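So this block is data.txt, compact mmCIF, C-alpha atoms:
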# COMPACT_ATOMS: atom_id res chain seq x y z
CA MET A 25 -4.77 22.13 20.87
CA VAL A 26 -6.61 19.00 21.97
CA ALA A 27 -6.32 16.00 19.73
CA PHE A 28 -9.42 14.08 18.62
CA THR A 29 -9.92 10.64 20.18
CA LYS A 30 -11.95 7.64 19.10
CA PHE A 31 -14.72 8.85 21.41
CA SER A 32 -15.02 12.26 19.72
CA LYS A 33 -18.24 12.70 17.77
CA MET A 34 -17.63 12.64 14.03
CA ALA A 35 -19.94 15.63 13.55
CA GLU A 36 -17.92 17.66 16.06
CA VAL A 37 -14.72 16.96 14.17
CA ILE A 38 -16.16 18.64 11.08
CA LEU A 39 -17.82 21.45 13.01
CA LYS A 40 -14.51 22.24 14.70
CA ASP A 41 -12.44 22.12 11.55
CA TYR A 42 -14.29 22.16 8.25
CA GLN A 43 -11.04 21.69 6.34
CA LEU A 44 -11.17 18.06 7.42
CA LEU A 45 -14.17 17.53 5.11
CA PRO A 46 -12.13 16.38 2.10
CA ILE A 47 -10.11 14.11 4.41
CA ILE A 48 -13.08 12.13 5.65
CA SER A 49 -14.45 11.82 2.14
CA ARG A 50 -11.09 10.39 1.06
CA PHE A 51 -11.80 7.61 3.56
CA GLY A 52 -15.16 7.10 1.89
CA ILE A 53 -17.06 8.50 4.86
CA LYS A 54 -20.32 10.20 3.86
CA LEU A 55 -22.11 12.91 5.83
CA GLY A 56 -25.20 12.21 7.91
CA PHE A 57 -23.44 10.39 10.74
CA GLY A 58 -25.82 11.66 13.42
CA ASN A 59 -24.27 11.46 16.85
CA LYS A 60 -21.89 8.59 16.15
CA SER A 61 -18.37 8.63 17.51
CA ILE A 62 -15.28 8.33 15.32
CA GLU A 63 -14.88 4.74 16.42
CA GLU A 64 -18.44 3.81 15.47
CA VAL A 65 -18.26 5.42 12.04
CA CYS A 66 -14.87 3.85 11.31
CA THR A 67 -15.97 0.38 12.41
CA GLU A 68 -19.06 0.57 10.22
CA ARG A 69 -16.94 1.43 7.21
CA ASN A 70 -14.15 -0.95 8.07
CA ILE A 71 -11.58 1.80 8.53
CA ASN A 72 -8.62 1.43 10.86
CA VAL A 73 -9.46 3.80 13.72
CA THR A 74 -5.89 4.41 14.88
CA PHE A 75 -4.81 5.35 11.39
CA PHE A 76 -7.84 7.57 10.86
CA LEU A 77 -7.06 9.43 14.08
CA GLU A 78 -3.42 9.86 13.14
CA ILE A 79 -4.42 11.45 9.85
CA VAL A 80 -7.17 13.65 11.18
CA ASN A 81 -5.04 14.87 14.07
CA SER A 82 -2.00 15.64 11.97
CA TYR A 83 -4.14 17.61 9.52
CA HIS A 84 -5.92 19.42 12.31
CA ASN A 85 -2.81 20.38 14.23
CA SER A 86 0.45 20.88 12.40
CA LYS A 87 2.41 20.34 15.62
CA TYR A 88 0.85 16.95 16.29
CA ILE A 89 3.52 14.28 16.45
CA PRO A 90 2.12 10.87 15.67
CA SER A 91 5.04 8.63 16.59
CA ARG A 92 3.34 6.82 19.48
CA HIS A 93 0.94 4.83 17.34
CA LEU A 94 3.10 4.06 14.33
CA SER A 95 3.04 0.33 14.84
CA ASP A 96 -0.71 0.16 15.40
CA PHE A 97 -1.76 0.15 11.76
CA ARG A 98 -0.65 -1.64 8.66
CA SER A 99 1.26 0.05 5.87
CA ASP A 100 -1.21 -0.91 3.16
CA VAL A 101 -3.86 1.17 4.94
CA MET A 102 -1.61 4.17 4.74
CA VAL A 103 -0.46 3.51 1.19
CA ASN A 104 -4.07 3.21 0.05
CA TYR A 105 -4.91 6.45 1.74
CA LEU A 106 -1.98 8.25 0.12
CA ILE A 107 -2.91 6.93 -3.32
CA ASN A 108 -6.49 8.09 -2.72
CA THR A 109 -5.18 11.50 -1.83
CA HIS A 110 -3.13 11.68 -5.01
CA SER A 111 -6.14 10.87 -7.11
CA TYR A 112 -8.23 13.38 -5.16
CA TYR A 113 -5.78 16.09 -6.15
CA LEU A 114 -5.56 15.04 -9.77
CA ASN A 115 -9.21 14.17 -10.36
CA CYS A 116 -10.92 16.71 -8.16
CA LYS A 117 -8.80 19.71 -7.19
CA VAL A 118 -6.78 20.17 -10.37
CA PRO A 119 -9.86 20.07 -12.65
CA HIS A 120 -11.57 22.67 -10.43
CA ILE A 121 -8.65 25.00 -10.85
CA GLU A 122 -8.51 24.35 -14.59
CA PHE A 123 -12.23 25.02 -14.81
CA PHE A 124 -11.88 28.47 -13.29
CA ILE A 125 -8.80 29.34 -15.33
CA ASN A 126 -10.67 28.37 -18.51
CA LYS A 127 -13.71 30.34 -17.43
CA ILE A 128 -11.62 33.42 -16.76
CA GLU A 129 -9.85 32.95 -20.08
CA LYS A 130 -13.18 33.13 -21.89
CA GLU A 131 -14.43 36.19 -20.07
CA VAL A 132 -11.27 38.19 -19.93
CA LEU A 133 -10.68 41.35 -21.92
CA LYS A 134 -8.27 41.25 -24.77
CA GLU A 135 -5.41 43.06 -23.05
CA ASN A 136 -5.35 40.54 -20.23
CA SER A 137 -5.80 37.40 -22.26
CA ARG A 138 -2.10 37.00 -22.89
CA ASN A 139 -1.51 37.04 -19.12
CA ILE A 140 -4.16 34.42 -18.47
CA LYS A 141 -2.60 32.23 -21.15
CA LEU A 142 0.71 32.51 -19.33
CA LEU A 143 -0.89 31.48 -16.04
CA LYS A 144 -2.68 28.64 -17.75
CA HIS A 145 0.59 27.39 -19.16
CA PHE A 146 2.23 27.74 -15.76
CA PHE A 147 -0.46 25.65 -14.11
CA LYS A 148 -0.21 23.03 -16.86
CA GLU A 149 3.47 22.70 -16.08
CA TYR A 150 2.64 22.37 -12.40
CA LYS A 151 0.14 19.62 -13.16
CA THR A 152 2.81 17.69 -15.04
CA ASP A 153 5.16 18.14 -12.09
CA ILE A 154 2.78 16.72 -9.54
CA GLU A 155 1.67 13.89 -11.82
CA HIS A 156 5.28 12.93 -12.16
CA HIS A 157 5.92 13.22 -8.42
CA PHE A 158 2.89 11.07 -7.53
CA LEU A 159 3.67 8.47 -10.16
CA GLU A 160 7.21 8.15 -8.85
CA GLU A 161 5.91 7.52 -5.33
CA GLU A 162 3.29 5.06 -6.48
CA LYS A 163 5.71 3.13 -8.67
CA ASN A 164 8.80 3.08 -6.48
CA ILE A 165 8.18 4.11 -2.90
CA PHE A 166 4.83 2.59 -1.96
CA PRO A 167 5.58 -0.92 -3.31
CA TYR A 168 8.82 -0.85 -1.32
CA VAL A 169 6.90 -0.07 1.86
CA LEU A 170 4.53 -2.94 1.21
CA LEU A 171 7.39 -5.33 0.51
CA LEU A 172 8.96 -4.45 3.85
CA GLU A 173 5.83 -5.29 5.73
CA GLU A 174 5.29 -8.46 3.72
CA ALA A 175 8.81 -9.60 4.55
CA LEU A 176 8.04 -9.38 8.26
CA GLN A 177 4.65 -11.04 7.96
CA LEU A 178 5.64 -13.94 5.73
CA GLU A 179 9.02 -14.31 7.39
CA ASN A 180 10.58 -14.38 4.01
CA CYS A 181 12.90 -11.70 2.74
CA SER A 182 14.63 -11.50 -0.61
CA LYS A 183 18.27 -10.52 -0.99
CA GLU A 184 17.20 -7.66 -3.23
CA LEU A 185 15.11 -6.16 -0.46
CA ILE A 186 17.96 -6.36 2.06
CA SER A 187 20.27 -4.74 -0.44
CA LYS A 188 17.75 -1.99 -1.11
CA ILE A 189 17.42 -1.26 2.61
CA LYS A 190 21.17 -0.95 2.81
CA HIS A 191 21.83 1.04 -0.32
CA GLU A 192 18.67 2.90 -1.07
CA PRO A 193 16.79 3.31 2.19
CA ILE A 194 13.79 5.58 2.61
CA GLU A 195 16.21 8.22 3.84
CA VAL A 196 17.24 8.84 0.23
CA TYR A 197 13.65 9.59 -0.68
CA GLU A 198 13.33 11.76 2.42
CA ARG A 199 16.28 13.85 1.39
CA ASN A 200 14.98 14.36 -2.15
CA HIS A 201 11.34 14.80 -1.25
CA GLU A 202 10.62 18.07 -2.99
CA SER A 203 8.04 20.53 -1.96
CA LEU A 204 5.02 20.79 -4.24
CA GLU A 205 3.59 23.94 -2.72
CA VAL A 206 6.18 26.46 -3.85
CA LYS A 207 4.89 26.74 -7.40
CA LEU A 208 1.31 27.08 -6.19
CA ALA A 209 2.38 29.92 -3.92
CA ASP A 210 4.01 31.58 -6.94
CA LEU A 211 0.82 31.28 -8.95
CA LYS A 212 -1.17 32.89 -6.14
CA ASN A 213 1.35 35.69 -5.90
CA LEU A 214 1.25 36.32 -9.63
CA ILE A 215 -2.54 36.62 -9.53
CA ILE A 216 -2.76 38.65 -6.35
CA ARG A 217 0.08 41.03 -7.00
CA PHE A 218 0.76 41.28 -10.69
CA LEU A 219 -2.22 40.31 -12.80
CA PRO A 220 -4.04 43.45 -13.96
CA PRO A 221 -7.54 43.47 -12.40
CA LEU A 222 -10.05 41.10 -13.97
CA SER A 223 -13.63 41.96 -14.82
CA CYS A 224 -14.83 38.57 -13.54
CA GLU A 225 -13.91 39.08 -9.89
CA ASP A 226 -16.10 36.26 -8.72
CA ASP A 227 -14.30 33.62 -10.74
CA CYS A 228 -10.98 35.02 -9.72
CA GLU A 229 -11.97 34.73 -6.06
CA HIS A 230 -13.02 31.12 -6.58
CA LEU A 231 -9.80 30.35 -8.36
CA LEU A 232 -7.75 31.83 -5.52
CA THR A 233 -9.75 29.98 -2.89
CA GLU A 234 -9.14 26.72 -4.75
CA LEU A 235 -5.42 27.50 -4.93
CA PHE A 236 -5.26 28.32 -1.22
CA GLU A 237 -7.06 25.10 -0.36
CA LEU A 238 -4.93 22.93 -2.58
CA GLU A 239 -1.75 24.50 -1.24
CA CYS A 240 -2.87 23.91 2.33
CA ASP A 241 -3.93 20.35 1.62
CA ILE A 242 -0.70 19.46 -0.17
CA GLU A 243 1.29 20.98 2.66
CA ASP A 244 -0.49 18.67 5.11
CA HIS A 245 -0.10 15.75 2.76
CA THR A 246 3.65 16.34 2.54
CA ARG A 247 3.81 16.59 6.32
CA MET A 248 1.93 13.29 6.55
CA GLU A 249 4.45 11.60 4.30
CA GLU A 250 7.29 13.06 6.28
CA LYS A 251 5.91 12.61 9.79
CA VAL A 252 3.96 9.36 9.45
CA LEU A 253 5.05 7.43 6.37
CA ILE A 254 8.80 7.94 6.59
CA PRO A 255 9.14 7.22 10.35
CA LYS A 256 7.04 4.12 9.90
CA VAL A 257 9.16 2.91 6.99
CA LYS A 258 12.34 3.57 8.95
CA MET A 259 10.94 1.45 11.75
CA LEU A 260 10.11 -1.36 9.31
CA GLU A 261 13.53 -1.17 7.69
CA GLN A 262 15.18 -1.55 11.06
CA LYS A 263 12.97 -4.46 12.04
CA VAL A 264 13.68 -6.32 8.79
CA LEU A 265 17.42 -5.79 9.21
CA GLU A 266 17.31 -6.96 12.81
CA TYR A 267 15.24 -9.99 11.94
CA TYR A 268 17.21 -11.16 8.95
CA GLY A 269 20.61 -10.09 10.20
CA SER A 270 23.13 -8.35 8.02
CA MET B 14 18.82 55.04 -8.03
CA ASP B 15 20.40 54.29 -4.72
CA HIS B 16 21.48 50.81 -5.74
CA ASP B 17 23.73 52.05 -8.48
CA ASP B 18 25.65 54.58 -6.38
CA LYS B 19 29.23 53.69 -5.74
CA LYS B 20 29.57 52.53 -2.14
CA ASN B 21 32.61 53.23 0.00
CA THR B 22 33.87 50.73 2.50
CA VAL B 23 36.59 51.64 4.94
CA ILE B 24 38.68 48.96 6.61
CA ALA B 25 40.33 50.36 9.69
CA SER B 26 42.99 48.38 11.50
CA GLU B 27 46.59 48.91 12.52
CA GLN B 28 47.44 45.44 11.36
CA TYR B 29 48.22 44.83 7.71
CA LEU B 30 47.24 41.18 7.91
CA VAL B 31 43.83 41.99 9.37
CA ARG B 32 43.10 44.46 6.56
CA LEU B 33 44.31 42.01 3.95
CA GLY B 34 42.22 39.21 5.44
CA ILE B 35 39.06 41.32 5.43
CA LYS B 36 39.68 42.49 1.86
CA THR B 37 40.10 38.92 0.71
CA LEU B 38 36.87 37.81 2.35
CA LEU B 39 34.92 40.75 0.90
CA ASN B 40 36.13 39.62 -2.48
CA VAL B 41 34.98 36.09 -1.73
CA ILE B 42 31.45 37.13 -0.81
CA GLY B 43 31.27 39.48 -3.79
CA VAL B 44 30.93 42.88 -2.19
CA GLU B 45 30.88 45.51 -4.91
CA SER B 46 32.24 48.53 -3.16
CA ASP B 47 35.30 50.78 -3.25
CA LEU B 48 37.64 49.63 -0.52
CA HIS B 49 39.76 52.06 1.47
CA GLU B 50 42.27 51.11 4.11
CA VAL B 51 43.28 53.21 7.08
CA ASN B 52 45.84 52.08 9.63
CA SER B 53 45.38 54.50 12.52
CA LYS B 54 42.73 56.41 14.40
CA GLU B 55 44.22 59.66 13.06
CA GLU B 56 44.00 58.47 9.48
CA LEU B 57 40.39 57.45 10.02
CA ASP B 58 39.57 60.86 11.51
CA ALA B 59 41.25 62.52 8.55
CA PHE B 60 39.26 60.39 6.12
CA ILE B 61 36.03 61.40 7.84
CA ALA B 62 37.06 65.06 8.14
CA ASP B 63 37.81 65.05 4.44
CA GLY B 64 34.06 64.75 3.90
CA GLN B 65 34.32 61.43 2.08
CA LYS B 66 31.18 59.39 2.21
CA ILE B 67 31.52 56.12 4.10
CA ASN B 68 28.78 53.55 3.66
CA TYR B 69 30.38 50.73 5.56
CA LEU B 70 33.05 50.84 8.20
CA ILE B 71 34.85 47.75 9.39
CA LEU B 72 36.62 48.72 12.55
CA SER B 73 39.21 46.67 14.38
CA ASP B 74 39.56 47.15 18.13
CA ASP B 75 43.33 47.56 17.85
CA LEU B 76 42.67 51.16 16.79
CA PHE B 77 41.28 52.02 20.19
CA SER B 78 43.01 49.75 22.63
CA LYS B 79 46.57 50.96 22.78
CA HIS B 80 46.75 50.24 26.48
CA GLY B 81 44.54 47.22 26.44
CA PHE B 82 41.39 49.28 27.08
CA ILE B 83 38.82 50.40 24.60
CA ASP B 84 37.79 54.03 24.80
CA ASN B 85 34.06 53.76 24.46
CA ASN B 86 33.47 57.43 23.80
CA GLN B 87 35.80 57.43 20.85
CA LEU B 88 34.21 54.29 19.58
CA LYS B 89 30.74 55.75 19.90
CA ASN B 90 31.72 58.84 17.98
CA VAL B 91 33.14 56.91 15.11
CA SER B 92 30.47 54.25 14.85
CA HIS B 93 27.67 56.77 15.16
CA PHE B 94 27.57 58.17 11.69
CA CYS B 95 27.76 55.14 9.43
CA LYS B 96 27.04 51.47 9.43
CA THR B 97 29.81 49.83 11.42
CA LEU B 98 31.07 46.32 11.90
CA PHE B 99 33.30 45.93 14.90
CA PHE B 100 36.11 43.39 14.90
CA CYS B 101 36.97 42.75 18.53
CA ARG B 102 37.85 40.35 21.31
CA GLN B 103 34.41 40.47 22.89
CA LYS B 104 31.05 42.14 22.34
CA ASN B 105 30.83 45.68 23.61
CA SER B 106 27.36 46.67 24.65
CA LEU B 107 28.26 50.33 25.01
CA CYS B 108 29.01 51.06 21.39
CA ASN B 109 26.38 51.68 18.73
CA CYS B 110 27.26 48.78 16.47
CA ASN B 111 24.90 45.91 15.99
CA HIS B 112 27.46 43.98 14.03
CA PHE B 113 30.39 42.21 15.60
CA ILE B 114 33.04 39.79 14.47
CA LEU B 115 34.90 38.27 17.38
CA HIS B 116 38.55 37.24 17.27
CA SER B 117 37.44 33.76 18.17
CA ASN B 118 34.99 33.37 15.24
CA ASN B 119 35.76 30.72 12.65
CA ARG B 120 35.72 31.23 8.89
CA LYS B 121 32.08 30.30 8.46
CA GLN B 122 30.88 32.66 11.18
CA VAL B 123 33.00 35.49 9.82
CA VAL B 124 31.67 35.05 6.29
CA GLU B 125 28.08 34.88 7.55
CA LYS B 126 28.48 38.03 9.60
CA LEU B 127 30.08 39.90 6.70
CA GLU B 128 27.25 38.83 4.39
CA GLN B 129 24.68 39.96 6.91
CA PHE B 130 26.45 43.26 7.33
CA PHE B 131 26.63 44.04 3.63
CA PHE B 132 23.49 42.50 2.25
CA GLU B 133 21.03 43.31 5.00
CA PRO B 134 20.37 46.94 3.91
CA VAL B 135 19.26 45.77 0.47
CA ALA B 136 16.64 43.63 2.17
CA LEU B 137 15.52 46.58 4.27
CA SER B 138 15.25 48.92 1.32
CA SER B 139 13.08 46.34 -0.42
CA ASP B 140 10.45 47.16 2.16
CA LYS B 141 10.47 50.76 1.13
CA ASP B 142 10.04 50.28 -2.59
CA SER B 143 8.74 46.77 -2.70
CA CYS B 144 8.05 45.41 -6.16
CA THR B 145 10.29 47.98 -7.84
CA LEU B 146 13.26 46.15 -9.16
CA SER B 147 16.54 47.95 -9.67
CA ASP B 148 18.02 47.99 -13.18
CA ARG B 149 20.57 45.38 -12.18
CA GLU B 150 17.89 43.13 -10.72
CA ILE B 151 15.93 43.41 -13.96
CA ASP B 152 19.06 42.33 -15.88
CA VAL B 153 19.41 39.31 -13.60
CA LEU B 154 15.69 38.48 -13.81
CA LYS B 155 15.77 38.59 -17.62
CA ALA B 156 18.72 36.23 -17.67
CA VAL B 157 16.98 33.87 -15.24
CA ALA B 158 13.88 33.86 -17.44
CA LEU B 159 16.02 33.06 -20.48
CA GLY B 160 17.27 29.99 -18.66
CA PHE B 161 20.84 30.99 -17.84
CA SER B 162 22.59 29.51 -14.82
CA ASN B 163 23.99 31.65 -12.01
CA LYS B 164 27.50 31.10 -13.38
CA GLU B 165 26.47 32.20 -16.87
CA ILE B 166 24.69 35.26 -15.50
CA ALA B 167 27.74 36.20 -13.43
CA ASP B 168 29.94 36.01 -16.54
CA GLN B 169 27.54 38.00 -18.69
CA LEU B 170 27.08 40.81 -16.19
CA PHE B 171 30.69 40.80 -14.94
CA ILE B 172 29.73 40.19 -11.33
CA SER B 173 30.48 37.37 -8.90
CA ILE B 174 28.21 34.37 -8.47
CA ASN B 175 27.52 35.49 -4.92
CA THR B 176 26.28 38.81 -6.18
CA VAL B 177 23.99 37.02 -8.62
CA ILE B 178 22.65 34.95 -5.73
CA THR B 179 22.11 38.10 -3.66
CA HIS B 180 20.24 39.75 -6.52
CA ARG B 181 18.10 36.66 -6.91
CA LYS B 182 17.31 36.61 -3.21
CA ASN B 183 16.29 40.25 -3.37
CA ILE B 184 14.16 39.69 -6.49
CA THR B 185 12.35 36.84 -4.76
CA GLY B 186 11.97 38.97 -1.63
CA LYS B 187 10.43 41.83 -3.61
CA LEU B 188 8.16 39.80 -5.88
CA GLY B 189 7.32 36.91 -3.58
CA ILE B 190 8.04 34.51 -6.45
CA LYS B 191 10.46 31.69 -5.79
CA THR B 192 10.53 29.34 -8.77
CA ILE B 193 12.23 29.90 -12.10
CA SER B 194 9.00 29.26 -13.99
CA GLY B 195 7.18 31.75 -11.77
CA LEU B 196 9.86 34.37 -12.42
CA THR B 197 9.65 33.63 -16.13
CA VAL B 198 5.90 34.26 -16.13
CA TYR B 199 6.52 37.55 -14.32
CA ALA B 200 9.16 38.58 -16.86
CA LEU B 201 6.81 37.67 -19.73
CA MET B 202 3.86 39.48 -18.17
CA HIS B 203 5.97 42.61 -17.88
CA GLN B 204 7.42 42.14 -21.32
CA MET B 205 10.97 42.01 -20.09
CA VAL B 206 11.54 39.03 -22.37
CA LYS B 207 9.74 37.74 -25.45
CA ALA B 208 7.85 34.47 -25.47
CA GLU B 209 9.85 33.11 -28.41
CA GLU B 210 13.09 33.68 -26.50
CA VAL B 211 11.90 31.69 -23.52
CA MET B 212 10.47 28.68 -25.34

Target encoding structure tokens, full file:
Amino acid sequence: MVAFTKFSKMAEVILKDYQLLPIISRFGIKLGFGNKSIEEVCTERNINVTFFLEIVNSYHNSKYIPSRHLSDFRSDVMVNYLINTHSYYLNCKVPHIEFFINKIEKEVLKENSRNIKLLKHFFKEYKTDIEHHFLEEEKNIFPYVLLLEEALQLENCSKELISKIKHEPIEVYERNHESLEVKLADLKNLIIRFLPPLSCEDDCEHLLTELFELECDIEDHTRMEEKVLIPKVKMLEQKVLEYYGS
Amino acid sequence: MDHDDKKNTVIASEQYLVRLGIKTLLNVIGVESDLHEVNSKEELDAFIADGQKINYLILSDDLFSKHGFIDNNQLKNVSHFCKTLFFCRQKNSLCNCNHFILHSNNRKQVVEKLEQFFFEPVALSSDKDSCTLSDREIDVLKAVALGFSNKEIADQLFISINTVITHRKNITGKLGIKTISGLTVYALMHQMVKAEEVM
């Protein structure tokens, strides 16, 4: 699979892989870009081109390995993007799914309503799980990444930071990074295999499509954190340790 | 149902220590099967001639290699009619077995191969009647939904933890549901447990 370059036309990116649509909107890119290249669109919007390409390519091709360009963009760009993604899930995808579950709940026949309530409860639990997961990253992991980069830029590093690199490096987070897709897959399975047929097939189809999309997106997001964020942080950790000695 | 039938496992080796070692490991991995030991080719033939059902046969090469050579025809005959695991010096491509434990294997490899040998058919049969859980699996699923740990379930059902884990693997394989909360929803949907019990 060929990777996109800064010379690729933005329109072609979307035409080739429509699943990249939510990604570009997370960068604040709106449609109607005519024949402009990725570089042109990114420059207009003040987006780091290298970083944009890393993201788009890793979403487009799961085997894409982004290590070559890790040092070409700043961590805050990535952290901002990841926070945007979190809020996209919580403010856009999750409400869509809730909307369809609620709609089905209203239309469903009596004998199935208990089942829908169970699914609704299950998804509520899932929502709490991901909220918790995102919050943890935003409160503890992302600030740490930014501190690392700051230490290198300002040539000033606190003892606490050095101690954190030594005792609680990003590797700890890597080891405990739990998968958020498993529960979604379960929900899909419960609906597809075990939920007695619904009268509102249309809504059920929409709900499933939303679940498939979210699962796919979160899978890519997790891969991003594991293939781009973590390697970059490891690189920063090493640089800080080298610079400030042990 | 097939799952609840008593299974017969025959351990065939001339050497007492080999038989003992295999028995001990089967216990460790939680194989629920009647174990029979035979210590010669003749005794094995007699066991088979007796019409006793053998589900699993663990066969050591010492039974066939009196003069240092393995008689492949004999081996073929024996391993033809039931699922056989061959314990030998090196792999023998002429015999019918797919399962081998080599003399040089370490503990981990031996345990893995034994687990594969015993637990693989359950996975295969799940293809046949997918989604239909056996009575035992339903017991395990109920307990999982009620929030019990593997250890607690093992104690309640008088089985080993490894057997609980195997049941759980098979349940997940059949239903396609991996998480405890997903399994709980399934159990509730099928009224295997009551909502008040789960909360």

Residue neighbourhood Leu72 in chain B, 8 Å, only C-alpha atoms, exclusion window fewer than 5 positions, as a PyMOL selection string: chain B and resi 24-26+97-100

Residue list for chain A near chain B as a ChimeraX atom specification, 9 Å, all atoms listed in the file: /A:138-139,142-143,146,149,206-207,209-211,213-214,217-219

Residues within 10 Å of range 51-60 of chain B, only C-alpha atoms, excluding chain neighbours under 2 positions, as a PyMOL selection string: chain B and resi 23-29+32+49+62-67+72-73+75-77+87+91

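Take CA of Asp226 in chain A and CA of Cys240 in chain A: the distance between them is 21.2 Å.
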
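Here CA of His145 in chain A is placed at a distance of 26.4 Å from CA of His180 in chain B.
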
Pairwise distance for CA of Lys144 in chain A and CA of Asn126 in chain A, rounded to one decimal in Å: 8.0 Å

Nearest-residue call for Val211 in chain B, choices B:Ile172, B:Val177, B:Ile184, B:Ala158, using all atoms listed in the file: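 Smallest separation from Val211 in chain B among the options: B:Ala158.
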
Give as an mmCIF file with C-alpha atoms, in the frame of the given file each residue that has an atom at most 8 Å from (13.7, 33.9, -19.8) in the file, counting all atoms listed in the file.
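So point-v4.cif came out as:
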data_model
loop_
_atom_site.group_PDB
_atom_site.id
_atom_site.type_symbol
_atom_site.label_atom_id
_atom_site.label_comp_id
_atom_site.auth_asym_id
_atom_site.auth_seq_id
_atom_site.Cartn_x
_atom_site.Cartn_y
_atom_site.Cartn_z
ATOM 1 C CA LEU B 154 15.690 38.480 -13.810
ATOM 2 C CA LYS B 155 15.770 38.590 -17.620
ATOM 3 C CA ALA B 156 18.720 36.230 -17.670
ATOM 4 C CA VAL B 157 16.980 33.870 -15.240
ATOM 5 C CA ALA B 158 13.880 33.860 -17.440
ATOM 6 C CA LEU B 159 16.020 33.060 -20.480
ATOM 7 C CA GLY B 160 17.270 29.990 -18.660
ATOM 8 C CA PHE B 161 20.840 30.990 -17.840
ATOM 9 C CA THR B 197 9.650 33.630 -16.130
ATOM 10 C CA ALA B 200 9.160 38.580 -16.860
ATOM 11 C CA LEU B 201 6.810 37.670 -19.730
ATOM 12 C CA VAL B 206 11.540 39.030 -22.370
ATOM 13 C CA LYS B 207 9.740 37.740 -25.450
ATOM 14 C CA GLU B 210 13.090 33.680 -26.500
ATOM 15 C CA VAL B 211 11.900 31.690 -23.520
#

Top pick for closest residue to His157 in chain A, considering A:Ile186, A:Ile128, A:Ile107, A:Cys181 and counting all atoms listed in the file: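 Ranked by minimum distance to His157 in chain A, first place goes to A:Ile107.
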